[in-house]
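One file, upload05.cif, carrying mmCIF, C-alpha atoms:
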data_run
loop_
_atom_site.label_atom_id
_atom_site.label_comp_id
_atom_site.auth_asym_id
_atom_site.auth_seq_id
_atom_site.Cartn_x
_atom_site.Cartn_y
_atom_site.Cartn_z
CA MET H 1 67.65 94.47 107.15
CA VAL H 2 69.31 96.48 109.95
CA SER H 3 72.59 98.11 108.93
CA ARG H 4 75.17 97.69 111.67
CA LEU H 5 78.76 98.57 112.30
CA THR H 6 80.90 96.35 114.50
CA ALA H 7 82.79 97.97 117.36
CA ILE H 8 85.73 95.91 118.58
CA TYR H 9 86.82 96.34 122.18
CA HIS H 10 89.66 94.94 124.23
CA VAL H 11 88.31 94.21 127.69
CA ARG H 12 90.15 93.18 130.84
CA ALA H 13 87.97 90.75 132.77
CA GLU H 14 87.97 87.29 134.27
CA ALA H 15 86.80 84.52 131.97
CA ALA H 16 83.83 83.82 134.21
CA THR H 17 82.54 87.39 133.81
CA ILE H 18 83.34 88.28 130.21
CA ALA H 19 79.95 87.26 128.76
CA GLU H 20 78.12 89.47 131.24
CA ARG H 21 80.64 92.28 130.72
CA ALA H 22 80.18 92.12 126.93
CA CYS H 23 76.41 92.34 127.25
CA ALA H 24 76.76 95.32 129.56
CA ILE H 25 78.93 97.16 127.00
CA ALA H 26 76.44 96.38 124.23
CA VAL H 27 73.63 97.91 126.27
CA GLU H 28 75.71 100.87 127.47
CA GLN H 29 76.70 101.77 123.91
CA SER H 30 73.17 101.57 122.56
CA VAL H 31 70.12 102.10 124.79
CA GLU H 32 71.83 102.75 128.15
CA MET H 33 69.02 101.29 130.26
CA PRO H 34 67.81 97.87 131.43
CA VAL H 35 66.68 95.93 128.40
CA ALA H 36 63.92 94.36 130.50
CA ALA H 37 62.28 97.79 130.72
CA ILE H 38 61.99 98.09 126.93
CA ASP H 39 58.79 96.83 125.32
CA ASP H 40 59.16 98.37 121.87
CA ARG H 41 59.88 95.56 119.41
CA VAL H 42 61.77 97.78 116.95
CA VAL H 43 64.08 99.06 119.68
CA LEU H 44 64.71 95.54 120.95
CA ASP H 45 65.36 94.09 117.50
CA GLU H 46 67.18 96.94 115.80
CA ILE H 47 68.63 99.42 118.28
CA VAL H 48 69.90 97.40 121.24
CA GLY H 49 73.56 96.49 120.71
CA LYS H 50 74.27 92.85 119.88
CA VAL H 51 77.26 90.89 121.15
CA GLU H 52 78.58 89.23 118.01
CA ALA H 53 81.59 87.39 119.44
CA THR H 54 84.11 87.25 122.24
CA ARG H 55 87.52 85.60 122.22
CA ALA H 56 90.43 85.37 124.60
CA LEU H 57 93.56 87.32 123.67
CA ASP H 58 95.58 86.72 126.82
CA LYS H 59 95.01 85.95 130.46
CA ASP H 60 92.08 88.12 131.54
CA LEU H 61 92.11 90.02 128.22
CA PHE H 62 89.33 89.52 125.66
CA GLU H 63 88.27 90.84 122.29
CA VAL H 64 84.57 91.74 122.30
CA ARG H 65 82.75 92.45 119.03
CA ILE H 66 79.49 94.37 119.32
CA GLY H 67 77.10 95.26 116.52
CA LEU H 68 75.63 98.76 116.77
CA ALA H 69 72.85 100.17 114.61
CA VAL H 70 74.08 102.68 112.03
CA ALA H 71 70.73 104.46 112.42
CA THR H 72 71.79 105.66 115.87
CA ILE H 73 74.58 107.76 114.31
CA GLY H 74 73.05 109.52 111.33
CA HIS H 75 75.58 111.81 109.63
CA ASP H 76 77.02 113.18 112.88
CA ALA H 77 80.77 112.75 113.42
CA GLY H 78 80.48 113.45 117.13
CA GLN H 79 77.67 110.92 117.48
CA LEU H 80 79.86 108.32 115.75
CA LEU H 81 82.48 108.65 118.48
CA ASN H 82 79.76 108.78 121.13
CA MET H 83 78.12 105.56 119.98
CA LEU H 84 81.45 103.78 119.62
CA PHE H 85 82.89 104.68 122.99
CA GLY H 86 80.97 107.45 124.77
CA ASN H 87 79.97 105.98 128.13
CA THR H 88 82.21 102.94 127.91
CA SER H 89 85.27 105.18 127.81
CA LEU H 90 84.52 105.85 131.50
CA HIS H 91 85.36 102.23 132.30
CA ASP H 92 89.12 101.93 132.60
CA ASP H 93 89.12 98.22 131.74
CA VAL H 94 88.01 98.80 128.13
CA VAL H 95 89.86 100.05 125.02
CA LEU H 96 88.17 100.75 121.70
CA HIS H 97 90.47 98.75 119.47
CA ASP H 98 88.88 98.85 116.01
CA VAL H 99 85.63 99.19 114.09
CA ASP H 100 84.24 97.58 110.95
CA LEU H 101 82.16 100.12 109.05
CA PRO H 102 79.76 99.37 106.19
CA GLY H 103 80.89 100.85 102.89
CA GLU H 104 77.74 102.92 102.50
CA PHE H 105 78.36 104.48 105.91
CA VAL H 106 81.95 105.40 105.01
CA ALA H 107 80.67 107.02 101.82
CA VAL H 108 78.47 109.37 103.88
CA PHE H 109 81.53 110.96 105.49
CA GLY H 110 83.74 110.74 102.41
CA GLY H 111 87.24 110.91 103.88
CA PRO H 112 90.04 113.21 102.68
CA ARG H 113 89.43 115.61 99.80
CA HIS H 114 93.12 115.55 98.79
CA GLY H 115 95.31 113.00 100.56
CA LEU H 116 98.78 111.71 99.78
CA ALA H 117 98.83 112.11 95.99
CA ALA H 118 97.59 115.71 96.09
CA LEU H 119 99.94 116.79 98.90
CA ARG H 120 102.85 115.36 96.90
CA LEU H 121 101.71 117.16 93.77
CA ARG H 122 101.53 120.51 95.56
CA VAL H 123 105.26 120.42 96.30
CA GLY H 124 106.47 118.40 93.32
CA ALA H 125 107.52 115.46 95.47
CA GLU H 126 106.42 112.70 93.07
CA LYS H 127 107.22 109.37 94.74
CA ARG H 128 109.58 110.31 97.54
CA ALA H 129 108.77 110.98 101.18
CA LEU H 130 107.64 114.46 102.16
CA THR H 131 109.49 116.78 104.53
CA CYS H 132 108.05 119.05 107.17
CA SER H 133 109.15 121.28 110.03
CA ALA H 134 107.43 123.38 112.66
CA LEU H 135 107.39 127.02 113.75
CA LYS H 136 108.12 127.28 117.45
CA PRO H 137 108.45 128.12 120.29
CA GLN H 138 105.37 129.90 121.56
CA GLY H 139 106.05 133.45 122.54
CA LEU H 140 107.74 134.59 119.32
CA SER H 141 106.29 137.47 117.31
CA PRO H 142 104.86 137.01 113.81
CA VAL H 143 108.00 138.62 112.38
CA ALA H 144 110.28 136.19 114.23
CA LEU H 145 108.20 133.19 113.17
CA ALA H 146 108.18 134.38 109.58
CA GLU H 147 111.98 134.61 109.63
CA LEU H 148 112.17 131.00 110.81
CA ALA H 149 109.79 130.02 108.01
CA ARG H 150 111.99 131.79 105.47
CA LYS H 151 115.07 129.89 106.67
CA PHE H 152 113.22 126.56 106.51
CA ALA H 153 112.01 127.34 102.99
CA ALA H 154 115.48 128.37 101.88
CA GLY H 155 116.58 124.90 102.95
CA GLY H 156 113.97 123.36 100.65
CA VAL H 157 111.49 121.82 103.12
CA ASP H 158 108.11 120.87 101.62
CA TYR H 159 105.74 121.89 104.41
CA ILE H 160 106.04 124.23 107.39
CA LYS H 161 103.38 123.94 110.05
CA ASP H 162 102.64 126.00 113.12
CA ASP H 163 103.41 124.41 116.43
CA HIS H 164 100.04 123.23 117.73
CA GLY H 165 100.40 125.56 120.72
CA LEU H 166 100.32 128.60 118.44
CA ALA H 167 96.81 130.01 118.48
CA ASP H 168 95.47 133.57 118.37
CA GLN H 169 97.62 134.84 121.21
CA ASP H 170 98.38 138.48 121.91
CA TYR H 171 102.07 137.97 121.13
CA SER H 172 101.28 136.27 117.81
CA PRO H 173 97.79 137.05 116.48
CA PHE H 174 96.63 134.58 113.84
CA ALA H 175 96.00 137.22 111.17
CA ALA H 176 99.36 138.90 111.64
CA ARG H 177 101.17 135.57 111.72
CA ILE H 178 99.74 134.18 108.49
CA GLU H 179 100.34 137.46 106.69
CA ALA H 180 103.98 137.57 107.82
CA VAL H 181 104.66 133.92 107.03
CA ALA H 182 102.87 134.00 103.67
CA THR H 183 104.91 137.05 102.68
CA ALA H 184 108.15 135.39 103.77
CA LEU H 185 107.36 132.26 101.74
CA ALA H 186 106.27 134.06 98.56
CA PRO H 187 109.72 133.59 96.92
CA TYR H 188 109.58 129.85 97.72
CA PRO H 189 106.61 128.34 95.84
CA GLY H 190 107.85 124.81 96.58
CA THR H 191 107.17 125.25 100.30
CA ARG H 192 103.63 125.30 101.73
CA TYR H 193 102.54 126.80 105.03
CA VAL H 194 100.10 125.01 107.36
CA PRO H 195 98.80 127.37 110.06
CA SER H 196 97.19 125.98 113.20
CA LEU H 197 93.50 126.71 113.70
CA SER H 198 92.08 127.29 117.17
CA GLY H 199 89.02 128.54 119.01
CA ASP H 200 85.39 127.68 118.39
CA LEU H 201 83.92 126.75 115.01
CA GLY H 202 83.16 130.34 114.12
CA ALA H 203 86.71 131.42 114.91
CA MET H 204 88.20 128.56 112.89
CA ARG H 205 85.97 129.40 109.93
CA ARG H 206 87.20 132.98 110.02
CA GLN H 207 90.79 131.76 110.24
CA VAL H 208 90.36 129.52 107.19
CA ALA H 209 88.90 132.46 105.25
CA ALA H 210 91.81 134.69 106.28
CA ALA H 211 94.32 132.00 105.32
CA ALA H 212 92.68 131.51 101.92
CA ALA H 213 92.81 135.26 101.32
CA ALA H 214 96.56 135.11 102.01
CA GLY H 215 97.01 132.37 99.40
CA ILE H 216 97.30 129.51 101.91
CA ASP H 217 95.60 126.22 101.05
CA ALA H 218 96.16 124.01 104.11
CA ALA H 219 95.55 124.16 107.85
CA MET H 220 96.16 122.07 110.95
CA VAL H 221 93.43 121.15 113.43
CA ALA H 222 93.45 119.07 116.63
CA PRO H 223 90.16 117.13 116.28
CA MET H 224 90.10 115.95 119.89
CA VAL H 225 90.57 119.52 121.14
CA CYS H 226 88.09 121.31 118.88
CA GLY H 227 85.68 118.37 118.57
CA VAL H 228 85.47 115.81 115.79
CA ALA H 229 82.16 117.22 114.55
CA ASN H 230 83.72 120.67 114.14
CA PHE H 231 86.73 119.18 112.39
CA TYR H 232 84.47 117.29 109.98
CA ARG H 233 82.43 120.43 109.27
CA LEU H 234 85.56 122.46 108.48
CA ALA H 235 86.79 119.79 106.06
CA GLN H 236 83.41 119.53 104.37
CA ASP H 237 82.92 123.28 104.01
CA ASN H 238 86.41 124.01 102.65
CA PRO H 239 87.07 121.50 99.85
CA GLY H 240 90.02 123.45 98.49
CA PHE H 241 91.90 123.17 101.77
CA ALA H 242 94.02 120.25 102.89
CA PHE H 243 93.63 119.50 106.59
CA VAL H 244 96.36 118.12 108.82
CA ALA H 245 95.08 116.45 112.00
CA HIS H 246 97.16 116.94 115.15
CA PRO H 247 97.07 114.26 117.88
CA ALA H 248 96.74 116.55 120.94
CA LEU H 249 94.48 114.88 123.55
CA ALA H 250 94.19 111.73 121.40
CA GLY H 251 96.10 109.77 124.03
CA ALA H 252 93.45 110.53 126.65
CA ALA H 253 90.74 108.65 124.78
CA ARG H 254 91.84 104.98 125.26
CA ILE H 255 91.15 104.42 121.59
CA ALA H 256 93.76 102.46 119.63
CA PRO H 257 95.94 105.01 117.75
CA ALA H 258 95.63 103.16 114.45
CA LEU H 259 91.84 103.38 114.69
CA LEU H 260 91.54 106.96 115.97
CA MET H 261 94.26 108.66 113.94
CA GLY H 262 94.67 106.24 111.04
CA ASN H 263 91.01 105.46 110.35
CA LEU H 264 88.59 107.83 112.09
CA PHE H 265 90.52 111.06 111.44
CA ARG H 266 90.89 109.88 107.84
CA LEU H 267 87.17 109.14 107.59
CA LEU H 268 86.31 112.64 108.78
CA GLY H 269 88.56 114.40 106.26
CA ALA H 270 92.18 114.43 107.43
CA ASP H 271 94.53 114.67 104.45
CA ALA H 272 97.49 114.10 106.77
CA VAL H 273 97.76 113.02 110.39
CA VAL H 274 100.61 113.82 112.76
CA PHE H 275 101.56 111.03 115.16
CA PRO H 276 104.40 110.36 117.62
CA ASN H 277 107.08 108.24 116.03
CA HIS H 278 108.67 105.39 117.97
CA GLY H 279 111.97 106.18 119.60
CA GLY H 280 111.16 109.85 120.09
CA ARG H 281 109.90 111.59 123.20
CA PHE H 282 106.64 109.63 123.30
CA GLY H 283 106.02 105.99 124.08
CA TYR H 284 104.54 104.57 120.88
CA SER H 285 106.03 101.24 119.86
CA PRO H 286 107.21 100.38 116.33
CA ALA H 287 104.20 98.07 116.00
CA THR H 288 101.78 100.87 116.91
CA CYS H 289 103.41 103.27 114.45
CA ARG H 290 103.39 100.71 111.65
CA ALA H 291 99.72 99.89 112.28
CA LEU H 292 98.80 103.59 112.27
CA ALA H 293 100.65 104.27 109.02
CA ARG H 294 99.06 101.25 107.36
CA ALA H 295 95.58 102.33 108.47
CA ALA H 296 96.15 105.81 107.02
CA LEU H 297 97.41 104.49 103.70
CA SER H 298 95.61 101.23 103.01
CA GLU H 299 92.79 100.78 100.55
CA TRP H 300 89.61 101.50 102.52
CA HIS H 301 86.27 101.84 100.75
CA GLY H 302 87.87 103.92 98.01
CA LEU H 303 88.99 106.80 100.25
CA HIS H 304 92.09 108.82 99.44
CA ALA H 305 95.16 107.77 101.41
CA THR H 306 95.95 110.03 104.36
CA VAL H 307 99.59 111.07 104.77
CA PRO H 308 101.09 109.67 108.00
CA VAL H 309 103.33 112.36 109.54
CA ALA H 310 105.95 110.88 111.88
CA ALA H 311 106.99 113.43 114.50
CA GLY H 312 107.94 113.92 118.13
CA GLY H 313 111.63 114.33 118.90
CA MET H 314 112.91 113.17 115.54
CA THR H 315 116.52 113.89 114.54
CA LEU H 316 118.39 114.18 111.25
CA ASP H 317 120.51 111.10 111.89
CA ARG H 318 117.37 108.95 112.07
CA VAL H 319 116.13 109.84 108.58
CA PRO H 320 117.50 106.70 106.85
CA GLU H 321 116.12 104.49 109.65
CA MET H 322 112.67 106.08 109.41
CA LEU H 323 112.53 105.85 105.63
CA ASP H 324 113.64 102.24 105.77
CA PHE H 325 110.84 101.60 108.28
CA TYR H 326 108.02 103.51 106.57
CA GLY H 327 109.06 103.70 102.92
CA ALA H 328 108.21 106.59 100.63
CA ASP H 329 104.59 107.05 101.75
CA ILE H 330 105.39 109.19 104.77
CA MET H 331 105.97 112.78 105.80
CA LEU H 332 108.87 113.25 108.21
CA LEU H 333 108.50 116.13 110.63
CA ILE H 334 111.67 117.39 112.32
CA GLY H 335 111.26 120.57 114.32
CA GLY H 336 113.28 121.16 117.46
CA ALA H 337 116.29 119.20 116.23
CA LEU H 338 116.61 121.59 113.28
CA LEU H 339 115.90 124.70 115.33
CA GLN H 340 118.82 123.80 117.60
CA ALA H 341 121.08 124.66 114.67
CA ARG H 342 120.23 128.35 115.23
CA GLU H 343 122.22 130.38 112.68
CA ARG H 344 122.77 127.19 110.64
CA LEU H 345 119.04 126.44 110.41
CA THR H 346 118.92 126.69 106.62
CA GLU H 347 121.96 124.42 106.23
CA GLU H 348 120.55 121.79 108.61
CA THR H 349 117.19 121.93 106.84
CA ALA H 350 118.94 121.46 103.49
CA ALA H 351 120.74 118.42 104.91
CA PHE H 352 117.38 116.99 106.07
CA VAL H 353 115.84 117.55 102.64
CA ALA H 354 118.87 116.04 100.88
CA ALA H 355 118.74 112.94 103.09
CA VAL H 356 115.09 112.39 102.16
CA GLN H 357 115.56 113.10 98.46
CA SER H 358 118.66 110.90 98.08
CA PHE H 359 117.30 107.87 99.96
CA PRO H 360 117.27 104.75 97.74
CA TYR H 361 113.53 104.06 97.80
CA GLY H 362 112.67 100.54 96.77
#
Step by step, read the file and then write its structure as structure tokens.
Amino acid sequence: MVSRLTAIYHVRAEAATIAERACAIAVEQSVEMPVAAIDDRVVLDEIVGKVEATRALDKDLFEVRIGLAVATIGHDAGQLLNMLFGNTSLHDDVVLHDVDLPGEFVAVFGGPRHGLAALRLRVGAEKRALTCSALKPQGLSPVALAELARKFAAGGVDYIKDDHGLADQDYSPFAARIEAVATALAPYPGTRYVPSLSGDLGAMRRQVAAAAAAGIDAAMVAPMVCGVANFYRLAQDNPGFAFVAHPALAGAARIAPALLMGNLFRLLGADAVVFPNHGGRFGYSPATCRALARAALSEWHGLHATVPVAAGGMTLDRVPEMLDFYGADIMLLIGGALLQARERLTEETAAFVAAVQSFPYG
């Protein structure tokens, strides 16, 4: 029996053309050639994509379900994304909305090594929400960034991550930055540092090794920037590290955020995933954010839950609202709004932490 996954697309088309459009997507995402030119029975029966169902969602909007052979993917994370949406992503009338994956296929990739429970344990958070802030702006020296980290830690924040724009720049070399920040945080064992990895796979491997040598056990990666296959390889090769996935470039993919960040990043090893919270400086709706958080946390083939990290223009006054919306299974990331406090950064961070710790979780 052929093992198939089901890719679920939202397609804009007229009702009279949707059947033909669905067949075209099935072919494009499998053999990418006229089916009439194929005379191999195995290819026709097992490899060519199969339209499983179509249904109307709205005027000129349809859900199209297409079965794709798992054999076309192997154990390759990049090929998974390619077979789900590679060529079809070039058609601006199609969104990859969801995917149903066989349990045995999910087991091949394995998901997070640590996840929500382990990230809570690392900072003694038990059942409350987690707190996080970010080192920024770009352009600061390692010493200046380390001083910001010290002030955040003195305020009691759980996790401090690099801004995703921090790389291995001349003004803040990766090695010098992690050494300075790790030294600054040594008196604060309840706060963990999450440096941002960048460059090619070889560079990121060297950065992980340098971070581990400095006593750091987590890192942030932007899977859509470095490549999902490279992200998966880093997670597989460094089981002691927790990996935070950053959403940079994820909005360019026309893949539903809940699927890409909540499910696929989780599948490939993200222990936490940063996403833009509703009401901030990005345009995600409450429904999108709720769906993403649920995808990251829900029971899914036995994988560890990934920590949803709500970010993007969040402010201290919104903490009760966000915790009421998400509950305890969330990490709240407030960066710029705390940094605006300048000399009162530690006090503002302490107020953020107190608001999270004192919230009456249900």
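Shortest atom-to-atom contact with H:Val244 among H:Leu260, H:Ala56, H:Ala218, H:Cys289: H:Ala218, counting all atoms listed in the file.
Atom pair atom CA of H:Phe282 / atom CA of H:Met314 has a distance of 10.6 Å (rounded to one decimal).
Once H:Ala180 and its same-chain neighbours fewer than 6 positions away are set aside, Pro142, Val143 and Ala146 of chain H remain within 8 Å of it when counting all atoms listed in the file.
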Resolved residues for the PyMOL selection byres ((chain H and resi 166) around 12) as a count of residues only: 34
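With atom CA of H:Thr346 on one side and atom CA of H:Pro247 on the other, the separation reads 27.5 Å.
Closest to H:Pro286 among H:Tyr193, H:Tyr326, H:Phe265, H:Phe152 is H:Tyr326, based on all atoms listed in the file.
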Residues near H:Leu323, cut-off 10 Å, only C-alpha atoms, skip fewer than 2 positions along chain, as an MDAnalysis selection string: chainID H and resid 128:129 318:321 325:332 355:356 359:361
Any chance you could export the current selection's C-alpha atoms as a PDB file, keeping the file's coordinate frame?
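And here's selection29.pdb as it stands now:
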ATOM      1  CA  ARG H 128     109.580 110.310  97.540  1.00  0.00           C
ATOM      2  CA  ALA H 129     108.770 110.980 101.180  1.00  0.00           C
ATOM      3  CA  ARG H 318     117.370 108.950 112.070  1.00  0.00           C
ATOM      4  CA  VAL H 319     116.130 109.840 108.580  1.00  0.00           C
ATOM      5  CA  PRO H 320     117.500 106.700 106.850  1.00  0.00           C
ATOM      6  CA  GLU H 321     116.120 104.490 109.650  1.00  0.00           C
ATOM      7  CA  PHE H 325     110.840 101.600 108.280  1.00  0.00           C
ATOM      8  CA  TYR H 326     108.020 103.510 106.570  1.00  0.00           C
ATOM      9  CA  GLY H 327     109.060 103.700 102.920  1.00  0.00           C
ATOM     10  CA  ALA H 328     108.210 106.590 100.630  1.00  0.00           C
ATOM     11  CA  ASP H 329     104.590 107.050 101.750  1.00  0.00           C
ATOM     12  CA  ILE H 330     105.390 109.190 104.770  1.00  0.00           C
ATOM     13  CA  MET H 331     105.970 112.780 105.800  1.00  0.00           C
ATOM     14  CA  LEU H 332     108.870 113.250 108.210  1.00  0.00           C
ATOM     15  CA  ALA H 355     118.740 112.940 103.090  1.00  0.00           C
ATOM     16  CA  VAL H 356     115.090 112.390 102.160  1.00  0.00           C
ATOM     17  CA  PHE H 359     117.300 107.870  99.960  1.00  0.00           C
ATOM     18  CA  PRO H 360     117.270 104.750  97.740  1.00  0.00           C
ATOM     19  CA  TYR H 361     113.530 104.060  97.800  1.00  0.00           C
TER      20      TYR H 361
END
Apply the PyMOL selection byres ((chain H and resi 31-33) around 9) to the structure shown and report the selected residues as a PDB file with C-alpha atoms, keeping the file's coordinate frame.
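Result file follows (part-v1.pdb):
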ATOM      1  CA  ALA H  26      76.440  96.380 124.230  1.00  0.00           C
ATOM      2  CA  VAL H  27      73.630  97.910 126.270  1.00  0.00           C
ATOM      3  CA  GLU H  28      75.710 100.870 127.470  1.00  0.00           C
ATOM      4  CA  GLN H  29      76.700 101.770 123.910  1.00  0.00           C
ATOM      5  CA  SER H  30      73.170 101.570 122.560  1.00  0.00           C
ATOM      6  CA  PRO H  34      67.810  97.870 131.430  1.00  0.00           C
ATOM      7  CA  VAL H  35      66.680  95.930 128.400  1.00  0.00           C
ATOM      8  CA  ALA H  36      63.920  94.360 130.500  1.00  0.00           C
ATOM      9  CA  ALA H  37      62.280  97.790 130.720  1.00  0.00           C
ATOM     10  CA  ILE H  38      61.990  98.090 126.930  1.00  0.00           C
ATOM     11  CA  VAL H  43      64.080  99.060 119.680  1.00  0.00           C
ATOM     12  CA  ILE H  47      68.630  99.420 118.280  1.00  0.00           C
ATOM     13  CA  VAL H  48      69.900  97.400 121.240  1.00  0.00           C
ATOM     14  CA  GLY H  49      73.560  96.490 120.710  1.00  0.00           C
ATOM     15  CA  ASN H  87      79.970 105.980 128.130  1.00  0.00           C
TER      16      ASN H  87
END
Between H:Ala256, H:Thr17, H:Gln357, H:Ile25, which has the minimum distance to H:Leu90 (counting only C-alpha atoms)? H:Ile25
Can you measure atom CA of H:Gly115 to atom CA of H:Thr288 for me? One decimal in Å is fine. 21.4 Å
Selected residue, from H:Val208, H:Ala242, H:Leu249, H:Val2, that lies nearest to H:Arg122 when counting only C-alpha atoms: H:Ala242
Which residues would end up in the selection if the PyMOL selection byres ((chain H and resi 132) around 9) were applied here, given that I need the answer as a ChimeraX atom specification? /H:130-131,133-134,157-161,309,331-335
Next, dump the selected residues to file, keeping only C-alpha atoms, as a short mmCIF file (atom, residue, chain, number, x, y, z; two decimals), keeping the file's coordinate frame.
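part25.cif, written as the output of this step:
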data_model
loop_
_atom_site.label_atom_id
_atom_site.label_comp_id
_atom_site.auth_asym_id
_atom_site.auth_seq_id
_atom_site.Cartn_x
_atom_site.Cartn_y
_atom_site.Cartn_z
CA LEU H 130 107.64 114.46 102.16
CA THR H 131 109.49 116.78 104.53
CA SER H 133 109.15 121.28 110.03
CA ALA H 134 107.43 123.38 112.66
CA VAL H 157 111.49 121.82 103.12
CA ASP H 158 108.11 120.87 101.62
CA TYR H 159 105.74 121.89 104.41
CA ILE H 160 106.04 124.23 107.39
CA LYS H 161 103.38 123.94 110.05
CA VAL H 309 103.33 112.36 109.54
CA MET H 331 105.97 112.78 105.80
CA LEU H 332 108.87 113.25 108.21
CA LEU H 333 108.50 116.13 110.63
CA ILE H 334 111.67 117.39 112.32
CA GLY H 335 111.26 120.57 114.32
#
Your completed stretch 232-250 of chain H with N, CA and C atoms, as a CSV table (one decimal), in the frame of the given file:
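Result saved to part_15.csv:
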chain,number,residue,atom,x,y,z
H,232,TYR,N,85.1,117.8,111.2
H,232,TYR,CA,84.5,117.3,110.0
H,232,TYR,C,83.8,118.4,109.2
H,233,ARG,N,83.1,119.3,109.9
H,233,ARG,CA,82.4,120.4,109.3
H,233,ARG,C,83.4,121.3,108.5
H,234,LEU,N,84.6,121.6,109.2
H,234,LEU,CA,85.6,122.5,108.5
H,234,LEU,C,86.0,121.8,107.2
H,235,ALA,N,86.3,120.5,107.2
H,235,ALA,CA,86.8,119.8,106.1
H,235,ALA,C,85.7,119.8,105.0
H,236,GLN,N,84.5,119.6,105.4
H,236,GLN,CA,83.4,119.5,104.4
H,236,GLN,C,83.2,120.9,103.7
H,237,ASP,N,83.3,121.9,104.5
H,237,ASP,CA,82.9,123.3,104.0
H,237,ASP,C,84.1,124.0,103.3
H,238,ASN,N,85.3,123.4,103.3
H,238,ASN,CA,86.4,124.0,102.6
H,238,ASN,C,87.1,123.0,101.8
H,239,PRO,N,86.5,122.6,100.7
H,239,PRO,CA,87.1,121.5,99.8
H,239,PRO,C,88.4,121.8,99.2
H,240,GLY,N,88.7,123.1,99.1
H,240,GLY,CA,90.0,123.4,98.5
H,240,GLY,C,91.2,123.4,99.5
H,241,PHE,N,90.9,123.2,100.7
H,241,PHE,CA,91.9,123.2,101.8
H,241,PHE,C,92.3,121.7,102.1
H,242,ALA,N,93.6,121.5,102.3
H,242,ALA,CA,94.0,120.2,102.9
H,242,ALA,C,94.1,120.4,104.4
H,243,PHE,N,93.7,119.4,105.1
H,243,PHE,CA,93.6,119.5,106.6
H,243,PHE,C,94.6,118.5,107.2
H,244,VAL,N,95.4,119.0,108.1
H,244,VAL,CA,96.4,118.1,108.8
H,244,VAL,C,95.8,118.0,110.2
H,245,ALA,N,95.6,116.7,110.7
H,245,ALA,CA,95.1,116.4,112.0
H,245,ALA,C,96.2,116.3,113.0
H,246,HIS,N,96.1,117.0,114.1
H,246,HIS,CA,97.2,116.9,115.2
H,246,HIS,C,96.6,116.0,116.3
H,247,PRO,N,97.5,115.3,116.9
H,247,PRO,CA,97.1,114.3,117.9
H,247,PRO,C,96.9,114.8,119.3
H,248,ALA,N,96.9,116.1,119.6
H,248,ALA,CA,96.7,116.6,120.9
H,248,ALA,C,95.4,116.0,121.6
H,249,LEU,N,95.6,115.5,122.8
H,249,LEU,CA,94.5,114.9,123.6
H,249,LEU,C,94.1,113.5,123.0
H,250,ALA,N,94.6,113.0,121.9
H,250,ALA,CA,94.2,111.7,121.4
H,250,ALA,C,94.6,110.6,122.4
